[in-house]
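Peer 1: I'd like to ask some things about the structure below.
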Amino acid sequence: MKSGRLYGSLMLSAILLLAATAFAAEKETVETRETVTVNGNQLPAGKYTVTWEGSGPTVELKFLRGKNVVTTVPAQVANLKTTSPGGIVTIKENNRVVLTQIRPEGKKYTLNIGNESTETAAENGAR
C-alpha cells in the first residue's frame, strides 16, 4: 500500500514538473535608445521585457514595461548556426525606426518581426 502511494505521488510530481516546464515562457530584456515602431505600434525609448511561448515557427511576442503589456505582435523563429550575442535589429523606414528582429543572447535563433527577412535586417546591423 505504501509503495503504491509513493509511486503515485512520484508520478504526479513528475507530471506536474513536466507540465510546468512545457508552458514556461521565454523572455529577453531589450533596450531601445529611441522610439521604435513594432508592427505599427510605437514604443518610446527604454527597457522592455519581451516574453513568448513555444519554439515556432510562429510565436507571439509580448512587450512589457514593468508588469504592463505595452503591445503584442506576431514573430517568426529563425534558427541560426551559432549562438547570438544578443540585441535588436532596426531599419529606417518612412522617417521611422522599425524593429525587425530580436536576437536573444546566447540562443541559436532570432525572432523576426514583420515582413523583413533575416538577411535584409542583418544587412542594416544590430543596434
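How things are named: the first chain in the C-alpha cells is A, the next is B, and so on; residues count from 1 in each chain; ligands count from 1 in the order shown.
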Name the residues in contact with Ile102 of chain A at a cut-off of 7 Å, using only C-alpha atoms, excluding same-chain residues fewer than 5 positions from it; report them as an mmCIF file with C-alpha atoms, in the first residue's frame.
Peer 2:
data_model
loop_
_atom_site.group_PDB
_atom_site.id
_atom_site.type_symbol
_atom_site.label_atom_id
_atom_site.label_comp_id
_atom_site.auth_asym_id
_atom_site.auth_seq_id
_atom_site.Cartn_x
_atom_site.Cartn_y
_atom_site.Cartn_z
ATOM 1 C CA GLY A 87 20.493 42.663 -29.289
ATOM 2 C CA ILE A 88 17.929 44.116 -31.626
ATOM 3 C CA VAL A 89 17.914 44.954 -35.334
ATOM 4 C CA THR A 110 16.269 35.003 -33.799
ATOM 5 C CA LEU A 111 12.767 36.413 -33.573
ATOM 6 C CA ASN A 112 11.800 38.129 -36.830
#
Peer 1: Find, counting only C-alpha atoms, the residue in A:Lys62, A:Ile91, A:Lys27, A:Gly114 that gets nearest to Ala75 of chain A.
Peer 2: A:Gly114
Peer 1: Go through A:Thr37, A:Asn68, A:Tyr109, A:Thr51 one by one, measure the shortest atom-to-atom distance of each to Asn94 of chain A using only C-alpha atoms, and give the residue with the smallest value.
Peer 2: A:Thr37
Peer 1: Running DSSP on the backbone, which parts of segment 9-120 of chain A land in helix (DSSP H, G or I), as a PDB file with C-alpha atoms, in the first residue's frame?
Peer 2:
ATOM      1  CA  SER A   9       2.982  10.676  -5.639  1.00  0.00           C
ATOM      2  CA  LEU A  10       6.229  10.458  -7.591  1.00  0.00           C
ATOM      3  CA  MET A  11       4.350  10.109 -10.882  1.00  0.00           C
ATOM      4  CA  LEU A  12       2.110  13.075 -10.075  1.00  0.00           C
ATOM      5  CA  SER A  13       5.146  15.194  -9.175  1.00  0.00           C
ATOM      6  CA  ALA A  14       6.888  14.254 -12.420  1.00  0.00           C
ATOM      7  CA  ILE A  15       3.812  15.107 -14.475  1.00  0.00           C
ATOM      8  CA  LEU A  16       3.420  18.482 -12.772  1.00  0.00           C
ATOM      9  CA  LEU A  17       7.095  19.286 -13.299  1.00  0.00           C
ATOM     10  CA  LEU A  18       6.888  18.426 -16.996  1.00  0.00           C
ATOM     11  CA  ALA A  19       3.729  20.488 -17.391  1.00  0.00           C
ATOM     12  CA  ALA A  20       5.356  23.491 -15.719  1.00  0.00           C
ATOM     13  CA  THR A  21       8.400  23.378 -17.982  1.00  0.00           C
ATOM     14  CA  ALA A  22       6.304  22.787 -21.101  1.00  0.00           C
ATOM     15  CA  THR A 118      16.692  37.967 -41.682  1.00  0.00           C
ATOM     16  CA  GLU A 119      19.210  38.834 -44.390  1.00  0.00           C
ATOM     17  CA  THR A 120      17.763  42.314 -45.033  1.00  0.00           C
TER      18      THR A 120
END
Peer 1: Need the shell around Ser84 of chain A: protein/DNA/RNA residues with any atom at most 9 Å away, counting only C-alpha atoms. Skip same-chain ones fewer than 5 positions apart. Format as a list in words?
Peer 2: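 Surrounding residues, per the criterion: Arg103, Pro104, Glu105, Gly106, Lys107, Lys108, Tyr109 and Thr110 of chain A.
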Peer 1: Please produce a file of those selected residues containing C-alpha atoms, as a compact mmCIF listing (two decimals), in the first residue's frame.
Peer 2:
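Resulting contents of again.txt:
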# COMPACT_ATOMS: atom_id res chain seq x y z
CA ARG A 103 18.37 38.30 -31.07
CA PRO A 104 18.14 36.58 -27.67
CA GLU A 105 21.58 36.44 -26.08
CA GLY A 106 23.27 33.02 -26.21
CA LYS A 107 20.47 31.40 -28.24
CA LYS A 108 20.69 29.76 -31.66
CA TYR A 109 17.64 31.55 -33.06
CA THR A 110 16.27 35.00 -33.80
Peer 1: Let me make sure I understand: among A:Gln101, A:Thr90, A:Gln42, A:Thr29, which one has the smallest atom-to-atom distance to Gly66 of chain A if we use only C-alpha atoms?
Peer 2: A:Thr29
Peer 1: Of the residues A:Val36, A:Val30, A:Ala78, A:Val98, which is the one nearest to Val50 of chain A, using only C-alpha atoms?
Peer 2: A:Val30
Peer 1: Would you kindly return, as a tab-separated table (two decimals) with N, CA and C atoms, in the first residue's frame, each protein, DNA or RNA residue with an atom no farther than 12 Å from any atom of Val70 of chain A, considering only C-alpha atoms and excluding same-chain residues fewer than 6 positions away?
Peer 2:
chain	number	residue	atom	x	y	z
A	38	VAL	N	6.95	48.91	-33.73
A	38	VAL	CA	6.88	47.46	-33.72
A	38	VAL	C	5.51	47.07	-34.26
A	41	ASN	N	2.97	49.73	-33.93
A	41	ASN	CA	2.85	50.36	-32.60
A	41	ASN	C	4.16	51.04	-32.23
A	42	GLN	N	4.07	52.27	-31.71
A	42	GLN	CA	5.28	52.99	-31.31
A	42	GLN	C	5.62	52.70	-29.86
A	43	LEU	N	6.89	52.36	-29.63
A	43	LEU	CA	7.40	52.13	-28.28
A	43	LEU	C	8.41	53.22	-27.96
A	44	PRO	N	8.18	54.01	-26.91
A	44	PRO	CA	9.16	55.02	-26.52
A	44	PRO	C	10.48	54.37	-26.12
A	47	LYS	N	13.70	50.37	-21.57
A	47	LYS	CA	13.86	48.93	-21.41
A	47	LYS	C	12.50	48.24	-21.42
A	48	TYR	N	12.48	47.10	-22.10
A	48	TYR	CA	11.27	46.28	-22.18
A	48	TYR	C	11.64	44.83	-21.92
A	49	THR	N	10.72	44.12	-21.31
A	49	THR	CA	10.84	42.67	-21.20
A	49	THR	C	9.96	42.09	-22.29
A	50	VAL	N	10.53	41.24	-23.11
A	50	VAL	CA	9.79	40.59	-24.20
A	50	VAL	C	9.64	39.13	-23.83
A	51	THR	N	8.40	38.64	-23.82
A	51	THR	CA	8.14	37.23	-23.49
A	51	THR	C	7.46	36.55	-24.68
A	61	LEU	N	4.92	37.67	-29.45
A	61	LEU	CA	5.78	38.41	-28.54
A	61	LEU	C	4.94	39.39	-27.74
A	62	LYS	N	5.20	39.45	-26.45
A	62	LYS	CA	4.55	40.44	-25.59
A	62	LYS	C	5.64	41.37	-25.07
A	63	PHE	N	5.48	42.66	-25.33
A	63	PHE	CA	6.41	43.68	-24.85
A	63	PHE	C	5.83	44.25	-23.56
A	64	LEU	N	6.59	44.08	-22.48
A	64	LEU	CA	6.14	44.56	-21.18
A	64	LEU	C	7.05	45.67	-20.67
Peer 1: As a ChimeraX atom specification, which residues of segment 56-103 of chain A does DSSP assign to strand (DSSP E or B)?
Peer 2: /A:58-65,68-79,87-93,96-103
Peer 1: Residues as selected, N, CA and C atoms, written as a compact mmCIF listing (two decimals), in the first residue's frame, can you do that?
Peer 2:
# COMPACT_ATOMS: atom_id res chain seq x y z
N THR A 58 6.00 30.12 -35.58
CA THR A 58 5.38 31.40 -35.28
C THR A 58 5.10 31.49 -33.79
N VAL A 59 5.48 32.62 -33.19
CA VAL A 59 5.22 32.86 -31.77
C VAL A 59 4.60 34.25 -31.62
N GLU A 60 4.08 34.51 -30.45
CA GLU A 60 3.51 35.82 -30.14
C GLU A 60 4.40 36.50 -29.11
N LEU A 61 4.92 37.67 -29.45
CA LEU A 61 5.78 38.41 -28.54
C LEU A 61 4.94 39.39 -27.74
N LYS A 62 5.20 39.45 -26.45
CA LYS A 62 4.55 40.44 -25.59
C LYS A 62 5.64 41.37 -25.07
N PHE A 63 5.48 42.66 -25.33
CA PHE A 63 6.41 43.68 -24.85
C PHE A 63 5.83 44.25 -23.56
N LEU A 64 6.59 44.08 -22.48
CA LEU A 64 6.14 44.56 -21.18
C LEU A 64 7.05 45.67 -20.67
N ARG A 65 6.44 46.64 -20.02
CA ARG A 65 7.18 47.67 -19.30
C ARG A 65 6.69 47.54 -17.87
N ASN A 68 3.10 45.80 -17.10
CA ASN A 68 2.08 46.17 -18.09
C ASN A 68 2.49 45.76 -19.49
N VAL A 69 1.58 45.07 -20.20
CA VAL A 69 1.81 44.69 -21.59
C VAL A 69 1.58 45.95 -22.44
N VAL A 70 2.63 46.36 -23.16
CA VAL A 70 2.56 47.55 -24.00
C VAL A 70 1.99 47.20 -25.37
N THR A 71 2.47 46.10 -25.95
CA THR A 71 1.96 45.64 -27.24
C THR A 71 2.24 44.15 -27.39
N THR A 72 1.49 43.52 -28.26
CA THR A 72 1.66 42.11 -28.58
C THR A 72 1.75 42.01 -30.10
N VAL A 73 2.78 41.29 -30.58
CA VAL A 73 2.99 41.18 -32.03
C VAL A 73 3.39 39.76 -32.41
N PRO A 74 3.04 39.33 -33.63
CA PRO A 74 3.49 38.02 -34.09
C PRO A 74 4.95 38.09 -34.54
N ALA A 75 5.64 36.97 -34.44
CA ALA A 75 7.04 36.88 -34.88
C ALA A 75 7.31 35.48 -35.40
N GLN A 76 8.36 35.38 -36.21
CA GLN A 76 8.77 34.08 -36.74
C GLN A 76 10.13 33.73 -36.13
N VAL A 77 10.26 32.49 -35.71
CA VAL A 77 11.52 31.99 -35.16
C VAL A 77 12.39 31.50 -36.32
N ALA A 78 13.61 32.03 -36.39
CA ALA A 78 14.56 31.60 -37.43
C ALA A 78 15.79 31.03 -36.74
N ASN A 79 16.16 29.81 -37.10
CA ASN A 79 17.31 29.16 -36.50
C ASN A 79 18.62 29.71 -37.04
N GLY A 87 20.75 41.32 -28.79
CA GLY A 87 20.49 42.66 -29.29
C GLY A 87 19.25 42.73 -30.15
N ILE A 88 19.07 43.91 -30.74
CA ILE A 88 17.93 44.12 -31.63
C ILE A 88 18.44 44.62 -32.97
N VAL A 89 17.60 44.45 -34.00
CA VAL A 89 17.91 44.95 -35.33
C VAL A 89 16.78 45.89 -35.74
N THR A 90 17.14 47.08 -36.22
CA THR A 90 16.15 48.05 -36.68
C THR A 90 16.51 48.51 -38.09
N ILE A 91 15.52 49.05 -38.78
CA ILE A 91 15.74 49.69 -40.07
C ILE A 91 15.03 51.03 -40.05
N LYS A 92 15.47 51.93 -40.91
CA LYS A 92 14.79 53.22 -41.09
C LYS A 92 13.81 53.05 -42.23
N GLU A 93 12.56 53.42 -41.97
CA GLU A 93 11.51 53.27 -42.98
C GLU A 93 10.53 54.43 -42.85
N ARG A 96 10.81 56.59 -39.82
CA ARG A 96 10.58 55.88 -38.56
C ARG A 96 11.68 54.84 -38.38
N VAL A 97 11.94 54.49 -37.13
CA VAL A 97 12.86 53.39 -36.82
C VAL A 97 11.97 52.19 -36.52
N VAL A 98 12.12 51.13 -37.31
CA VAL A 98 11.26 49.95 -37.21
C VAL A 98 12.06 48.78 -36.66
N LEU A 99 11.55 48.17 -35.59
CA LEU A 99 12.18 46.98 -35.01
C LEU A 99 11.82 45.78 -35.87
N THR A 100 12.84 45.10 -36.40
CA THR A 100 12.59 43.96 -37.30
C THR A 100 13.03 42.63 -36.72
N GLN A 101 13.90 42.67 -35.69
CA GLN A 101 14.44 41.40 -35.19
C GLN A 101 14.93 41.55 -33.75
N ILE A 102 14.70 40.51 -32.97
CA ILE A 102 15.26 40.40 -31.62
C ILE A 102 16.17 39.19 -31.64
N ARG A 103 17.39 39.39 -31.13
CA ARG A 103 18.37 38.30 -31.07
C ARG A 103 18.62 37.96 -29.60
Peer 1: For the atom pair atom CA of Gly40 of chain A and atom CA of Ile113 of chain A, what is the interatomic distance in Å to one decimal place?
Peer 2: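 Taking atom CA of Gly40 of chain A as the start and atom CA of Ile113 of chain A as the end point, the length is 10.9 Å.
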Peer 1: Which residue out of A:Asn95, A:Gly86, A:Thr32, A:Glu26 has the minimum interatomic distance to Gly56 of chain A when only C-alpha atoms are used?
Peer 2: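 Under the stated criterion, the closest residue is A:Glu26.
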